[in-house]
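Inspection log for the structure reproduced underneath, given as structure tokens.
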Amino acid sequence: MLGKHHHRVIVLVLLGAWALIQYHKQVQSSEDIKWWPSPWGADDQRGAMNRITAAKVLQAKQLIREGKMYSLGRLYERDMPIGDNRFFSMTIPGLPTTGPLGTNKLVGNDELFNGQLGHVGTQLDGLGHVGKRVGNEDIFYNGMKLSEIGSSQGLKKLGIENVGPVFTRGVLLDVARVKGVRRLPPGYAITPVDLQDALVAAEVVIDEGDVVVIHTGHGQLWMQDNEQYGQGAPGIGMAAACWLIDKKISMIGSDNFGIEVFPPEDPEQRGPVHQWTVMRHGIYHLENLDLSQLAADKVYEFAFIYIPLPLKGATGSPGSPIAVK
């Protein structure tokens with residue numbers, strides 16, 4: 001006879017399989033449906049950050065019982081995986097940069113940065129990062145047209161400064177663990193079944209406004225095999241993205257470079273999950289996380305804290321998120 005736990009797992013798997021079929025139908029049938037105005041109003045620029053209410057902050061505070069902190073961000077360094085045509089360079093021009101000054105002979109150092117700041121290393125994708133060409137217009141979150149908000153000095157709307165500080169409940173879904181592997185293979189598309197299995201294993205639920213971080217094990221390649229890290233990655237497929245959207249979360253994070261699976265499920269598309277989560281639903285992506293210690297300690301529920309740099313008009317931000325239990 002099967003126990004109650006086994007019955008529960010079977011039910012969840014069957015529901016997940018049904019959801020997989022339904023979500024694929026939903027995506028295919030609604031590809032061209034207008035995605036604006038936002039549920040938070042036609043002028044909204046914060047998207048799913050609106051779900052982090054005062055009550056949500058207080059809920060997260062209650063999760064801090066031990067005071068143990070986990071750094072989820074990566075070191076920003078010259079040889080880190082970059083991808084595409086991005087670049088990162090930090091130098092200290094002259095040693096020392098200034099001085100000696102005064103009778104006390106003060107000396108000091110400053111750094112010179114040159115590169116793309118918002119989309120290298122651990123990075124937050126803002127609502128001005130991805131859009132879609134519709135006719136002759138490039139349209140982003142809440143129907144905002146690039147022809148109206150675009151500027152070489154920074155976006156006039158949807159800049160990362162609209163996000164503000166993030167303090168909310170975090171949930172870890174360790175998909176690598178439930179699949180019985182240390183690292184999911186590149187190109188593996190995580191499904192709703194996988195996410196539900198991870199929820200069962202963690203004995204948690206996802207609430208509105210949560211940040212959900214997904215451990216795939218791909219982060220083990222960071223600074224160990226950068227070439228393999230950037231060639232492909234496991235990540236959520238479109239069905240799993242829709243499953244997360246239905247949970248009304250605020251942000252998705254993962255230990256890979258793009259949250260979604262790469263190469264994509266449809267080889268003719270590029271970044272379809274980004275369009276579905278960020279552009280259509282205002283849910284942020286936090287990429288290139290280090291979730292190894294969080295997963296090793298089996299910390300599945302925690303207070304999540306992150307403050308993006310308030311770069312006016314920027315499309316993304318670096319930063320060092322932390323989990324506190």
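Identifiers in the structure tokens: chain A, B, ... in order shown; residue index from 1 per chain; ligand index from 1 in order shown.
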Test item, alpha helix (DSSP H) assignment across stretch 80-286 of chain A, answer as a ChimeraX atom specification: /A:146-149,175-178,192-202,226-231,238-246,272-274,280-281
C-alpha atoms of the current selection, written as a PDB file, in the first residue's frame:
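Done, and the output landed in again.pdb:
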ATOM      1  CA  LEU A 146      11.146  52.575 -27.034  1.00  0.00           C
ATOM      2  CA  SER A 147      10.630  55.448 -29.475  1.00  0.00           C
ATOM      3  CA  GLU A 148       9.116  57.422 -26.570  1.00  0.00           C
ATOM      4  CA  ILE A 149      11.195  56.305 -23.577  1.00  0.00           C
ATOM      5  CA  VAL A 175      15.747  21.039  -8.784  1.00  0.00           C
ATOM      6  CA  ALA A 176      19.187  19.411  -9.007  1.00  0.00           C
ATOM      7  CA  ARG A 177      18.527  17.644  -5.708  1.00  0.00           C
ATOM      8  CA  VAL A 178      15.118  16.271  -6.679  1.00  0.00           C
ATOM      9  CA  PRO A 192       6.299  22.496 -13.708  1.00  0.00           C
ATOM     10  CA  VAL A 193       6.627  18.888 -12.502  1.00  0.00           C
ATOM     11  CA  ASP A 194      10.234  19.560 -11.491  1.00  0.00           C
ATOM     12  CA  LEU A 195       9.257  22.703  -9.601  1.00  0.00           C
ATOM     13  CA  GLN A 196       6.391  20.962  -7.828  1.00  0.00           C
ATOM     14  CA  ASP A 197       8.657  18.091  -6.860  1.00  0.00           C
ATOM     15  CA  ALA A 198      11.108  20.600  -5.408  1.00  0.00           C
ATOM     16  CA  LEU A 199       8.285  22.192  -3.408  1.00  0.00           C
ATOM     17  CA  VAL A 200       7.289  18.795  -2.018  1.00  0.00           C
ATOM     18  CA  ALA A 201      10.874  18.006  -1.071  1.00  0.00           C
ATOM     19  CA  ALA A 202      11.312  21.405   0.589  1.00  0.00           C
ATOM     20  CA  ASN A 226      33.823  29.525 -18.009  1.00  0.00           C
ATOM     21  CA  GLU A 227      33.582  28.351 -21.587  1.00  0.00           C
ATOM     22  CA  GLN A 228      31.219  25.523 -20.712  1.00  0.00           C
ATOM     23  CA  TYR A 229      29.310  27.809 -18.339  1.00  0.00           C
ATOM     24  CA  GLY A 230      28.461  30.154 -21.189  1.00  0.00           C
ATOM     25  CA  GLN A 231      27.840  27.655 -23.985  1.00  0.00           C
ATOM     26  CA  MET A 238       8.093  28.239 -20.997  1.00  0.00           C
ATOM     27  CA  ALA A 239       5.674  25.980 -19.119  1.00  0.00           C
ATOM     28  CA  ALA A 240       7.618  26.384 -15.874  1.00  0.00           C
ATOM     29  CA  ALA A 241       7.745  30.141 -16.427  1.00  0.00           C
ATOM     30  CA  CYS A 242       3.963  30.282 -16.706  1.00  0.00           C
ATOM     31  CA  TRP A 243       3.660  28.096 -13.597  1.00  0.00           C
ATOM     32  CA  LEU A 244       5.751  30.621 -11.663  1.00  0.00           C
ATOM     33  CA  ILE A 245       3.815  33.556 -13.081  1.00  0.00           C
ATOM     34  CA  ASP A 246       0.596  32.025 -11.743  1.00  0.00           C
ATOM     35  CA  PRO A 272      11.128  33.770 -25.003  1.00  0.00           C
ATOM     36  CA  VAL A 273      10.898  33.322 -21.215  1.00  0.00           C
ATOM     37  CA  HIS A 274      12.329  36.814 -20.694  1.00  0.00           C
ATOM     38  CA  ARG A 280       4.554  40.775 -20.116  1.00  0.00           C
ATOM     39  CA  HIS A 281       4.264  40.285 -16.355  1.00  0.00           C
TER      40      HIS A 281
END
Distance query A:Val120 at most 9 Å, only C-alpha atoms, self and fewer than 6 positions along chain excluded, as a VMD selection string: chain A and resid 76 80 to 83 86 to 88 288 317 to 318
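From atom CA of A:Ser71 back to atom CA of A:Ile92, the distance works out to 26.0 Å.
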Non-local contacts of stretch 209-212 of chain A (9 Å; only C-alpha atoms; under 3 positions in same chain excluded) as a ChimeraX atom specification: /A:48-53,56,168-173,206,244,247-254,304
Pull C-alpha atoms from the residues just selected and write them as a short mmCIF file (atom, residue, chain, number, x, y, z; two decimals), in the first residue's frame.
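To be explicit, this is the file written out as result.cif:
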data_model
loop_
_atom_site.label_atom_id
_atom_site.label_comp_id
_atom_site.auth_asym_id
_atom_site.auth_seq_id
_atom_site.Cartn_x
_atom_site.Cartn_y
_atom_site.Cartn_z
CA ALA A 48 5.88 42.74 -9.66
CA MET A 49 7.80 44.78 -7.06
CA ASN A 50 4.36 46.16 -6.19
CA ARG A 51 3.67 42.78 -4.58
CA ILE A 52 6.24 43.42 -1.87
CA THR A 53 3.97 45.19 0.58
CA LYS A 56 5.28 41.04 3.04
CA THR A 168 10.77 39.83 1.08
CA ARG A 169 10.36 36.11 1.60
CA GLY A 170 12.65 33.89 -0.43
CA VAL A 171 12.07 30.29 -1.47
CA LEU A 172 14.74 27.91 -2.76
CA LEU A 173 13.69 25.23 -5.26
CA ILE A 206 5.08 29.82 -2.71
CA LEU A 244 5.75 30.62 -11.66
CA LYS A 247 2.16 32.06 -8.26
CA LYS A 248 2.32 35.89 -8.47
CA ILE A 249 5.95 36.08 -7.42
CA SER A 250 8.10 39.21 -7.63
CA MET A 251 11.39 37.81 -8.93
CA ILE A 252 13.03 34.64 -10.28
CA GLY A 253 16.68 33.92 -9.56
CA SER A 254 18.97 31.09 -10.60
CA PHE A 304 15.71 37.78 0.96
#
